[in-house]
Each structure stands twice: as structure tokens, then as C-alpha cells.
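Novice: Data file work-v1.cif (mmCIF, C-alpha atoms and all ligand atoms; chains and numbers go by the auth columns) is appended below.
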```cif
data_query
loop_
_atom_site.group_PDB
_atom_site.id
_atom_site.type_symbol
_atom_site.label_atom_id
_atom_site.label_comp_id
_atom_site.label_asym_id
_atom_site.label_seq_id
_atom_site.Cartn_x
_atom_site.Cartn_y
_atom_site.Cartn_z
_atom_site.B_iso_or_equiv
_atom_site.auth_seq_id
_atom_site.auth_asym_id
ATOM 1 C CA MET A 1 94.328 122.118 115.144 0.00 20 A
ATOM 2 C CA ASN A 2 92.330 121.073 112.135 0.00 21 A
ATOM 3 C CA PRO A 3 88.678 120.678 113.180 0.00 22 A
ATOM 4 C CA SER A 4 88.148 117.878 110.699 0.00 23 A
ATOM 5 C CA GLU A 5 90.831 115.788 112.433 0.00 24 A
ATOM 6 C CA PHE A 6 89.341 116.096 115.891 0.00 25 A
ATOM 7 C CA PRO A 7 85.691 116.415 116.744 0.00 26 A
ATOM 8 C CA LEU A 8 84.773 119.670 118.434 0.00 27 A
ATOM 9 C CA ILE A 9 83.350 119.026 121.855 0.00 28 A
ATOM 10 C CA CYS A 10 81.027 121.349 123.740 0.00 29 A
ATOM 11 C CA PRO A 11 83.022 122.838 126.641 0.00 30 A
ATOM 12 C CA VAL A 12 79.818 122.853 128.705 0.00 31 A
ATOM 13 C CA CYS A 13 78.213 119.434 128.214 0.00 32 A
ATOM 14 C CA ASP A 14 80.913 117.436 126.345 0.00 33 A
ATOM 15 C CA ALA A 15 78.482 116.766 123.476 0.00 34 A
ATOM 16 C CA GLU A 16 80.129 115.988 120.140 0.00 35 A
ATOM 17 C CA THR A 17 76.958 116.490 118.115 0.00 36 A
ATOM 18 C CA ASN A 18 74.033 118.900 118.011 0.00 37 A
ATOM 19 C CA SER A 19 70.446 117.897 118.782 0.00 38 A
ATOM 20 C CA GLN A 20 70.078 116.562 115.220 0.00 39 A
ATOM 21 C CA GLY A 21 73.060 114.274 115.754 0.00 40 A
ATOM 22 C CA ASN A 22 75.424 116.180 113.455 0.00 41 A
ATOM 23 C CA PRO A 23 79.031 116.694 114.602 0.00 42 A
ATOM 24 C CA PHE A 24 80.040 120.263 115.345 0.00 43 A
ATOM 25 C CA VAL A 25 81.942 121.278 112.227 0.00 44 A
ATOM 26 C CA SER A 26 83.065 124.693 113.435 0.00 45 A
ATOM 27 C CA GLU A 27 83.320 126.951 116.454 0.00 46 A
ATOM 28 C CA TRP A 28 80.326 128.771 115.016 0.00 47 A
ATOM 29 C CA ALA A 29 78.238 125.567 115.070 0.00 48 A
ATOM 30 C CA LEU A 30 79.265 125.016 118.674 0.00 49 A
ATOM 31 C CA SER A 31 78.363 128.620 119.574 0.00 50 A
ATOM 32 C CA CYS A 32 74.898 128.100 118.068 0.00 51 A
ATOM 33 C CA HIS A 33 74.486 124.900 120.095 0.00 52 A
ATOM 34 C CA ILE A 34 75.389 126.656 123.356 0.00 53 A
ATOM 35 C CA ALA A 35 73.165 129.657 122.586 0.00 54 A
ATOM 36 C CA GLY A 36 70.284 127.401 121.480 0.00 55 A
ATOM 37 C CA SER A 37 70.516 125.186 124.562 0.00 56 A
ATOM 38 C CA ALA A 38 70.531 128.250 126.822 0.00 57 A
ATOM 39 C CA ILE A 39 67.528 129.793 125.049 0.00 58 A
ATOM 40 C CA VAL A 40 65.416 126.676 125.629 0.00 59 A
ATOM 41 C CA GLY A 41 66.325 126.884 129.308 0.00 60 A
ATOM 42 C CA ASN A 42 69.215 124.455 129.790 0.00 61 A
ATOM 43 C CA LEU A 43 70.850 125.628 133.020 0.00 62 A
ATOM 44 C CA PRO A 44 74.485 124.532 132.572 0.00 63 A
ATOM 45 C CA HIS A 45 74.628 126.301 129.191 0.00 64 A
ATOM 46 C CA ARG A 46 72.969 129.382 130.662 0.00 65 A
ATOM 47 C CA ARG A 47 75.434 129.453 133.529 0.00 66 A
ATOM 48 C CA TRP A 48 78.372 129.127 131.171 0.00 67 A
ATOM 49 C CA ILE A 49 77.153 132.038 129.053 0.00 68 A
ATOM 50 C CA LYS A 50 76.641 134.114 132.174 0.00 69 A
ATOM 51 C CA LYS A 51 80.182 133.292 133.266 0.00 70 A
ATOM 52 C CA VAL A 52 81.788 134.371 129.978 0.00 71 A
ATOM 53 C CA LEU A 53 79.450 137.165 128.852 0.00 72 A
ATOM 54 C CA GLY A 54 77.752 138.399 132.001 0.00 73 A
ATOM 55 C CA ASP A 55 73.996 138.899 132.037 0.00 74 A
ATOM 56 C CA VAL A 56 72.421 138.007 128.709 0.00 75 A
ATOM 57 C CA ASP A 57 68.826 138.487 127.654 0.00 76 A
ATOM 58 C CA PHE A 58 67.765 135.009 126.530 0.00 77 A
ATOM 59 C CA SER A 59 64.838 136.359 124.530 0.00 78 A
ATOM 60 C CA ARG A 60 67.406 137.512 121.954 0.00 79 A
ATOM 61 C CA SER A 61 67.856 135.439 118.818 0.00 80 A
ATOM 62 C CA ASN A 62 70.083 132.381 118.766 0.00 81 A
ATOM 63 C CA LEU A 63 72.261 133.921 116.062 0.00 82 A
ATOM 64 C CA SER A 64 72.852 137.155 117.910 0.00 83 A
ATOM 65 C CA ILE A 65 73.857 135.361 121.127 0.00 84 A
ATOM 66 C CA ALA A 66 76.018 132.905 119.178 0.00 85 A
ATOM 67 C CA GLU A 67 77.855 135.833 117.566 0.00 86 A
ATOM 68 C CA ASP A 68 78.832 137.179 120.991 0.00 87 A
ATOM 69 C CA LEU A 69 79.775 133.698 122.133 0.00 88 A
ATOM 70 C CA GLU A 70 82.050 132.670 119.295 0.00 89 A
ATOM 71 C CA PRO A 71 85.256 134.342 120.578 0.00 90 A
ATOM 72 C CA GLU A 72 84.636 132.854 124.027 0.00 91 A
ATOM 73 C CA VAL A 73 84.093 129.397 122.555 0.00 92 A
ATOM 74 C CA HIS A 74 87.352 129.830 120.634 0.00 93 A
ATOM 75 C CA LYS A 75 89.206 130.623 123.887 0.00 94 A
ATOM 76 C CA ALA A 76 87.591 127.750 125.775 0.00 95 A
ATOM 77 C CA LEU A 77 88.558 125.242 123.068 0.00 96 A
ATOM 78 C CA LYS A 78 92.139 126.531 123.061 0.00 97 A
ATOM 79 C CA ASP A 79 92.312 125.974 126.819 0.00 98 A
ATOM 80 C CA VAL A 80 90.993 122.440 126.461 0.00 99 A
ATOM 81 C CA GLN A 81 93.405 121.638 123.623 0.00 100 A
ATOM 82 C CA ALA A 82 96.375 122.902 125.610 0.00 101 A
ATOM 83 C CA LEU A 83 95.680 120.177 128.174 0.00 102 A
ATOM 84 C CA GLN A 84 95.269 117.470 125.566 0.00 103 A
ATOM 85 C CA THR A 85 98.840 116.369 125.065 0.00 104 A
ATOM 86 C CA PRO A 86 99.621 112.762 124.051 0.00 105 A
ATOM 87 C CA ASN A 87 101.194 112.209 127.452 0.00 106 A
ATOM 88 C CA ALA A 88 98.209 113.573 129.389 0.00 107 A
ATOM 89 C CA LEU A 89 95.724 111.611 127.296 0.00 108 A
ATOM 90 C CA ALA A 90 97.773 108.409 127.579 0.00 109 A
ATOM 91 C CA GLN A 91 97.833 108.734 131.353 0.00 110 A
ATOM 92 C CA ASP A 92 94.126 109.402 131.438 0.00 111 A
ATOM 93 C CA ILE A 93 93.517 106.303 129.308 0.00 112 A
ATOM 94 C CA GLU A 94 95.666 104.137 131.567 0.00 113 A
ATOM 95 C CA VAL A 95 93.853 105.228 134.727 0.00 114 A
ATOM 96 C CA LYS A 96 90.431 104.723 133.155 0.00 115 A
ATOM 97 C CA LEU A 97 91.350 101.359 131.682 0.00 116 A
ATOM 98 C CA HIS A 98 92.778 100.217 135.002 0.00 117 A
ATOM 99 C CA ASN A 99 89.548 101.067 136.844 0.00 118 A
ATOM 100 C CA TYR A 100 87.337 99.782 134.073 0.00 119 A
ATOM 101 C CA ILE A 101 89.013 96.360 133.900 0.00 120 A
ATOM 102 C CA LYS A 102 88.728 95.852 137.637 0.00 121 A
ATOM 103 C CA GLU A 103 85.043 96.776 137.563 0.00 122 A
ATOM 104 C CA ARG A 104 84.340 94.373 134.712 0.00 123 A
ATOM 105 C CA LEU A 105 86.268 91.535 136.372 0.00 124 A
ATOM 106 C CA MET A 106 84.422 92.089 139.658 0.00 125 A
ATOM 107 C CA ASP A 107 81.107 92.046 137.840 0.00 126 A
ATOM 108 C CA TYR A 108 81.985 88.857 136.052 0.00 127 A
ATOM 109 C CA TYR A 109 83.822 86.818 138.696 0.00 128 A
ATOM 110 C CA GLY A 110 82.702 88.368 141.981 0.00 129 A
ATOM 111 C CA GLU A 111 84.041 91.058 144.240 0.00 130 A
ATOM 112 C CA THR A 112 86.309 89.109 146.567 0.00 131 A
ATOM 113 C CA ARG A 113 90.035 89.104 145.845 0.00 132 A
ATOM 114 C CA SER A 114 89.984 85.328 145.431 0.00 133 A
ATOM 115 C CA ALA A 115 87.355 85.763 142.720 0.00 134 A
ATOM 116 C CA TRP A 116 88.115 88.661 140.378 0.00 135 A
ATOM 117 C CA TRP A 117 91.865 88.855 141.011 0.00 136 A
ATOM 118 C CA VAL A 118 92.631 85.149 140.969 0.00 137 A
ATOM 119 C CA LYS A 119 90.220 84.126 138.229 0.00 138 A
ATOM 120 C CA GLY A 120 90.396 87.256 136.141 0.00 139 A
ATOM 121 C CA VAL A 121 94.104 88.073 136.111 0.00 140 A
ATOM 122 C CA PRO A 122 96.622 85.654 134.585 0.00 141 A
ATOM 123 C CA GLN A 123 98.989 84.123 137.142 0.00 142 A
ATOM 124 C CA LYS A 124 102.123 85.590 135.569 0.00 143 A
ATOM 125 C CA ILE A 125 100.766 89.134 135.974 0.00 144 A
ATOM 126 C CA ARG A 126 99.634 88.444 139.528 0.00 145 A
ATOM 127 C CA MET A 127 103.126 87.235 140.467 0.00 146 A
ATOM 128 C CA GLU A 128 104.828 90.202 138.811 0.00 147 A
ATOM 129 C CA CYS A 129 102.505 92.648 140.547 0.00 148 A
ATOM 130 C CA ALA A 130 103.156 90.953 143.894 0.00 149 A
ATOM 131 C CA ASN A 131 106.905 91.301 143.282 0.00 150 A
ATOM 132 C CA ARG A 132 106.563 94.978 142.378 0.00 151 A
ATOM 133 C CA LEU A 133 104.537 95.531 145.525 0.00 152 A
ATOM 134 C CA GLU A 134 107.202 93.843 147.671 0.00 153 A
ATOM 135 C CA SER A 135 110.021 95.847 146.127 0.00 154 A
ATOM 136 C CA ASP A 136 108.241 99.201 146.372 0.00 155 A
ATOM 137 C CA ASN A 137 109.356 101.724 149.006 0.00 156 A
ATOM 138 C CA GLU A 138 107.619 101.083 152.255 0.00 157 A
ATOM 139 C CA ASP A 139 106.239 104.636 152.259 0.00 158 A
ATOM 140 C CA ASP A 140 104.671 104.259 148.833 0.00 159 A
ATOM 141 C CA ARG A 141 103.563 100.674 149.091 0.00 160 A
ATOM 142 C CA GLN A 142 99.957 100.047 148.046 0.00 161 A
ATOM 143 C CA GLU A 143 97.797 97.415 149.666 0.00 162 A
ATOM 144 C CA GLU A 144 96.573 95.939 146.457 0.00 163 A
ATOM 145 C CA PRO A 145 98.875 94.222 143.961 0.00 164 A
ATOM 146 C CA TYR A 146 96.477 95.298 141.185 0.00 165 A
ATOM 147 C CA GLN A 147 97.819 98.845 141.691 0.00 166 A
ATOM 148 C CA TYR A 148 101.100 97.568 140.206 0.00 167 A
ATOM 149 C CA THR A 149 99.888 96.581 136.750 0.00 168 A
ATOM 150 C CA TYR A 150 101.637 98.054 133.730 0.00 169 A
ATOM 151 C CA PHE A 151 99.678 99.205 130.709 0.00 170 A
ATOM 152 C CA ILE A 152 100.838 96.126 128.856 0.00 171 A
ATOM 153 C CA ASP A 153 99.436 93.902 131.638 0.00 172 A
ATOM 154 C CA LEU A 154 96.049 95.530 131.198 0.00 173 A
ATOM 155 C CA LYS A 155 96.210 94.691 127.510 0.00 174 A
ATOM 156 C CA GLU A 156 97.029 91.090 128.331 0.00 175 A
ATOM 157 C CA ILE A 157 94.074 90.801 130.715 0.00 176 A
ATOM 158 C CA VAL A 158 91.761 92.010 127.932 0.00 177 A
ATOM 159 C CA ASP A 159 93.397 89.529 125.567 0.00 178 A
ATOM 160 C CA LYS A 160 93.182 86.504 127.881 0.00 179 A
ATOM 161 C CA LYS A 161 89.720 87.289 129.298 0.00 180 A
ATOM 162 C CA TRP A 162 88.021 88.625 126.190 0.00 181 A
ATOM 163 C CA GLU A 163 84.738 86.942 127.150 0.00 182 A
ATOM 164 C CA VAL A 164 84.474 89.459 130.015 0.00 183 A
ATOM 165 C CA PHE A 165 84.820 92.478 127.737 0.00 184 A
ATOM 166 C CA GLU A 166 83.311 91.257 124.491 0.00 185 A
ATOM 167 C CA PRO A 167 79.643 92.014 125.289 0.00 186 A
ATOM 168 C CA PHE A 168 80.565 95.667 125.923 0.00 187 A
ATOM 169 C CA ALA A 169 83.217 96.138 123.254 0.00 188 A
ATOM 170 C CA SER A 170 80.839 94.793 120.617 0.00 189 A
ATOM 171 C CA GLN A 171 78.577 97.776 121.329 0.00 190 A
ATOM 172 C CA VAL A 172 81.315 100.273 120.516 0.00 191 A
ATOM 173 C CA THR A 173 81.586 101.373 116.910 0.00 192 A
ATOM 174 C CA LEU A 174 84.779 102.622 115.356 0.00 193 A
ATOM 175 C CA ASP A 175 84.888 103.668 111.705 0.00 194 A
ATOM 176 C CA GLU A 176 81.321 102.354 111.461 0.00 195 A
ATOM 177 C CA ARG A 177 82.350 98.888 112.600 0.00 196 A
ATOM 178 C CA GLN A 178 81.905 96.925 115.780 0.00 197 A
ATOM 179 C CA LEU A 179 84.992 96.972 117.932 0.00 198 A
ATOM 180 C CA SER A 180 86.534 93.518 117.471 0.00 199 A
ATOM 181 C CA LYS A 181 89.051 91.914 119.787 0.00 200 A
ATOM 182 C CA LYS A 182 91.849 92.383 117.277 0.00 201 A
ATOM 183 C CA VAL A 183 91.076 96.050 116.688 0.00 202 A
ATOM 184 C CA PHE A 184 90.756 96.742 120.412 0.00 203 A
ATOM 185 C CA LEU A 185 94.086 95.055 121.164 0.00 204 A
ATOM 186 C CA ASP A 186 95.744 96.918 118.268 0.00 205 A
ATOM 187 C CA TRP A 187 94.584 100.250 119.677 0.00 206 A
ATOM 188 C CA LEU A 188 95.774 99.302 123.145 0.00 207 A
ATOM 189 C CA GLN A 189 99.166 98.416 121.687 0.00 208 A
ATOM 190 C CA LYS A 190 99.350 101.716 119.817 0.00 209 A
ATOM 191 C CA ALA A 191 98.283 103.689 122.889 0.00 210 A
ATOM 192 C CA ASN A 192 100.957 101.891 124.911 0.00 211 A
ATOM 193 C CA SER A 193 103.613 102.905 122.374 0.00 212 A
ATOM 194 C CA VAL A 194 102.468 106.525 122.540 0.00 213 A
ATOM 195 C CA ARG A 195 102.565 106.362 126.315 0.00 214 A
ATOM 196 C CA ASN A 196 106.142 105.069 126.293 0.00 215 A
ATOM 197 C CA ARG A 197 107.310 107.591 123.693 0.00 216 A
ATOM 198 C CA HIS A 198 105.853 110.547 125.560 0.00 217 A
ATOM 199 C CA ALA A 199 106.594 109.495 129.145 0.00 218 A
ATOM 200 C CA HIS A 200 110.197 110.631 128.623 0.00 219 A
ATOM 201 C CA HIS A 201 109.977 114.285 127.750 0.00 220 A
ATOM 202 C CA ILE A 202 113.534 114.477 126.443 0.00 221 A
ATOM 203 C CA ARG A 203 112.952 111.817 123.802 0.00 222 A
ATOM 204 C CA ALA A 204 109.300 112.608 123.066 0.00 223 A
ATOM 205 C CA PRO A 205 108.346 113.791 119.539 0.00 224 A
ATOM 206 C CA LYS A 206 108.281 117.581 119.333 0.00 225 A
ATOM 207 C CA GLU A 207 104.968 119.394 119.269 0.00 226 A
ATOM 208 C CA GLY A 208 104.101 120.306 115.686 0.00 227 A
ATOM 209 C CA SER A 209 105.876 117.277 114.188 0.00 228 A
ATOM 210 C CA GLN A 210 103.934 114.731 112.175 0.00 229 A
ATOM 211 C CA ARG A 211 104.771 112.070 114.752 0.00 230 A
ATOM 212 C CA TYR A 212 103.312 114.211 117.494 0.00 231 A
ATOM 213 C CA ARG A 213 100.096 114.750 115.541 0.00 232 A
ATOM 214 C CA ASP A 214 99.814 111.028 114.756 0.00 233 A
ATOM 215 C CA ASP A 215 100.353 110.159 118.413 0.00 234 A
ATOM 216 C CA LEU A 216 97.760 112.680 119.505 0.00 235 A
ATOM 217 C CA GLU A 217 95.273 111.190 117.061 0.00 236 A
ATOM 218 C CA THR A 218 96.002 107.672 118.320 0.00 237 A
ATOM 219 C CA VAL A 219 95.365 108.498 121.970 0.00 238 A
ATOM 220 C CA THR A 220 92.340 110.616 121.062 0.00 239 A
ATOM 221 C CA THR A 221 90.800 107.576 119.363 0.00 240 A
ATOM 222 C CA MET A 222 91.739 105.274 122.240 0.00 241 A
ATOM 223 C CA LYS A 223 90.249 107.719 124.702 0.00 242 A
ATOM 224 C CA ARG A 224 87.007 107.762 122.729 0.00 243 A
ATOM 225 C CA ILE A 225 86.923 103.942 122.922 0.00 244 A
ATOM 226 C CA ILE A 226 87.536 103.791 126.663 0.00 245 A
ATOM 227 C CA ASP A 227 85.091 106.649 127.309 0.00 246 A
ATOM 228 C CA SER A 228 82.370 104.775 125.373 0.00 247 A
ATOM 229 C CA LEU A 229 83.054 101.646 127.396 0.00 248 A
ATOM 230 C CA CYS A 230 82.968 103.546 130.701 0.00 249 A
ATOM 231 C CA ASP A 231 79.726 105.287 129.702 0.00 250 A
ATOM 232 C CA MET A 232 78.031 101.883 129.393 0.00 251 A
ATOM 233 C CA GLY A 233 78.761 101.346 133.083 0.00 252 A
HETATM 234 ZN ZN ZN B . 76.670 121.687 125.171 0.00 1 B
#
```
I need this file expressed as C-alpha cells, please.
Ligand SMILES: [Zn+2]

Specialist:
Amino acid sequence: MNPSEFPLICPVCDAETNSQGNPFVSEWALSCHIAGSAIVGNLPHRRWIKKVLGDVDFSRSNLSIAEDLEPEVHKALKDVQALQTPNALAQDIEVKLHNYIKERLMDYYGETRSAWWVKGVPQKIRMECANRLESDNEDDRQEEPYQYTYFIDLKEIVDKKWEVFEPFASQVTLDERQLSKKVFLDWLQKANSVRNRHAHHIRAPKEGSQRYRDDLETVTTMKRIIDSLCDMG
């Protein structure tokens, strides 16, 4: 994977930038960050180093510890990347978006079903979810019709109730711009297409193809958007 396409993320603390705010441009930069954090006493980074290297003398120089760490950082990033398929990321996005929308609607309209569900979710979606609930196997049936939304329903809720999401979305920047309604909906649409393409493994674009890389980039961006929104609480 080309590091310039995807930001490198610290396998310990999920940071995308060093303490000066610069993105990690290489595995070496990331190794220096982990070594540096451990040297100043950060426990999670210390524990991680201990796990991969055994006992390390933290009075050694940053560079010398980072040198030992680099192959381990390389392995850890490979492991993370192996899990980051378009399908896995799309599913992750859907689950997060589903929870996030409900939280926002409850905050805005109130926590009772007659408030957030009735006022926040368009009637057509409510009826479709109720139908899906009724036709589900008795063994699998969920109590809450909201559990039966499709990705595309979530997009429509954002579209129809933008006033609920706008104050938060406007704090997210993408390509150095505020996240507008149109851009947000476009990304949701694109993420939905990726989800549909990759949900059926037989028809999904093959790993290594341009389509696959484009899809991975799309869901990576969408995941960054939803993660920023969730981080705002
Ligand atoms: Zn870190």
C-alpha cells in the first residue's frame, strides 16, 4: 500500500500525526513516535514496546529504540491493513452511522420512541422498517424497527433531517473544507455503492485491481468522516 494514499496510523494510540501535528510519512516516522512517547513515560507505548521487543532500557536514545522497532511496526501495520478490506470498512461505517444517527436524533428530539423515531425518521422509512420487522424470522426478530434500516435509509434520514446533523458536520473538514450537506450525502452514496459491490464476494472487484483500490479509498475517507463525527460525541 502506498503510504501517501493512506495515512499511517499509530498501532498503539491511533494517532495520525506526531506531537508537532505532522502526518506520519513513513514507518520510520511512526517508529520514532512510538519510541519517543515511551521514552517520555507514556504507558501504552511502553507496554507495546515491551510486548514486541521484551525489556527495553528507556534511557537509550530515541533513534536506537526506533531502529529496533521499525520491523515490528512494519508487521503491525501489515496486520491492520489485512483487516481493512472495503467490505469490512463498509460494514464498520454502517454500524457506526446507524448508532450515531440514533444518538443525534435522541439528543435533538428526545429519547422516547414517539419523539426521536416518529419525529426524526421519515414515515416511509418507519413503515418499511416495521414491515421488515414483521416479515423477519421469529427467532431473529428485533424489538426495535430501527434495527431494520438499510444504509440508504440512513442516508435519507441525514438528507431529510439535516438540521440535526449540520452543527456537527460543519466542524468536520475534508480536503480543507467544511463538510457540506451535498458532500456528506455524496460520500454516503459512494460508500453505499462500495458496500453493495463488496457484499457479494463473487462479484466484488478483485484485490489489486484499480476498482478495488478506489473502493478502499472511498470507504477509508467515509470512515474518517464518521469517526470524526463520533469523536465529537
Ligand atoms: Zn502512538

Novice: Return as a PDB file with C-alpha atoms, in the frame of the given file the residues of protein, DNA or RNA that approach ligand ZN 1 (chain B) to within 7 Å, with all atoms listed in the file taken into account.

Specialist:
```pdb
ATOM      1  CA  CYS A  29      81.027 121.349 123.740  1.00  0.00           C
ATOM      2  CA  PRO A  30      83.022 122.838 126.641  1.00  0.00           C
ATOM      3  CA  VAL A  31      79.818 122.853 128.705  1.00  0.00           C
ATOM      4  CA  CYS A  32      78.213 119.434 128.214  1.00  0.00           C
ATOM      5  CA  ASP A  33      80.913 117.436 126.345  1.00  0.00           C
ATOM      6  CA  ALA A  34      78.482 116.766 123.476  1.00  0.00           C
ATOM      7  CA  HIS A  52      74.486 124.900 120.095  1.00  0.00           C
ATOM      8  CA  ILE A  53      75.389 126.656 123.356  1.00  0.00           C
ATOM      9  CA  HIS A  64      74.628 126.301 129.191  1.00  0.00           C
TER      10      HIS A  64
END
```

Novice: List the neighbours of Met251 (chain A) out to 10 Å using only C-alpha atoms; skip same-chain residues closer than 6 positions along the sequence, and give me the result as a compact mmCIF listing (two decimals) with C-alpha atoms, in the frame of the given file.

Specialist:
```
# COMPACT_ATOMS: atom_id res chain seq x y z
CA PHE A 187 80.56 95.67 125.92
CA ALA A 188 83.22 96.14 123.25
CA GLN A 190 78.58 97.78 121.33
CA VAL A 191 81.32 100.27 120.52
```

Novice: Quick check on the file I pasted: which residues fall under the PyMOL selection byres (((chain A and resi 162-166) around 7) and not hetatm)? Write them as a list in words.

Specialist: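 So the PyMOL selection byres (((chain A and resi 162-166) around 7) and not hetatm) ends up selecting Cys148, Ala149, Leu152, Arg160, Gln161, Tyr167 and Thr168 of chain A.
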
Novice: CA of Arg79 (chain A) to CA of Val59 (chain A): how many Å, to one decimal?

Specialist: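 Distance between the two atoms: 11.6 Å.
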
Novice: Report, in Å with one decimal, the straight-line distance from CA of Glu46 (chain A) to CA of Glu226 (chain A).

Specialist: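 CA of Glu226 (chain A) lies at a distance of 23.1 Å from CA of Glu46 (chain A).
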
Novice: Between A:Ile176, A:Ala223, A:Leu102, A:Ile171, which one has atoms that come closest to Gln208 (chain A), using all atoms listed in the file?

Specialist: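 Of A:Ile176, A:Ala223, A:Leu102, A:Ile171, the one nearest Gln208 (chain A), counting all atoms listed in the file, is A:Ile171.
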
Novice: Show me the residues close to (85.0, 93.5, 118.6) - anything with an atom within 9 Å, counting all atoms listed in the file - and format the list as an NGL selection string.

Specialist: :A and (185-192 or 196-203)

Novice: Please evaluate the PyMOL selection byres (((chain A and resi 93-100) around 12) and not hetatm) against the displayed coordinates and give the resulting residues as a VMD selection string.

Specialist: chain A and resid 20 to 22 25 to 31 33 45 to 50 67 to 68 70 to 71 85 to 92 101 to 105 107 to 108 235 239
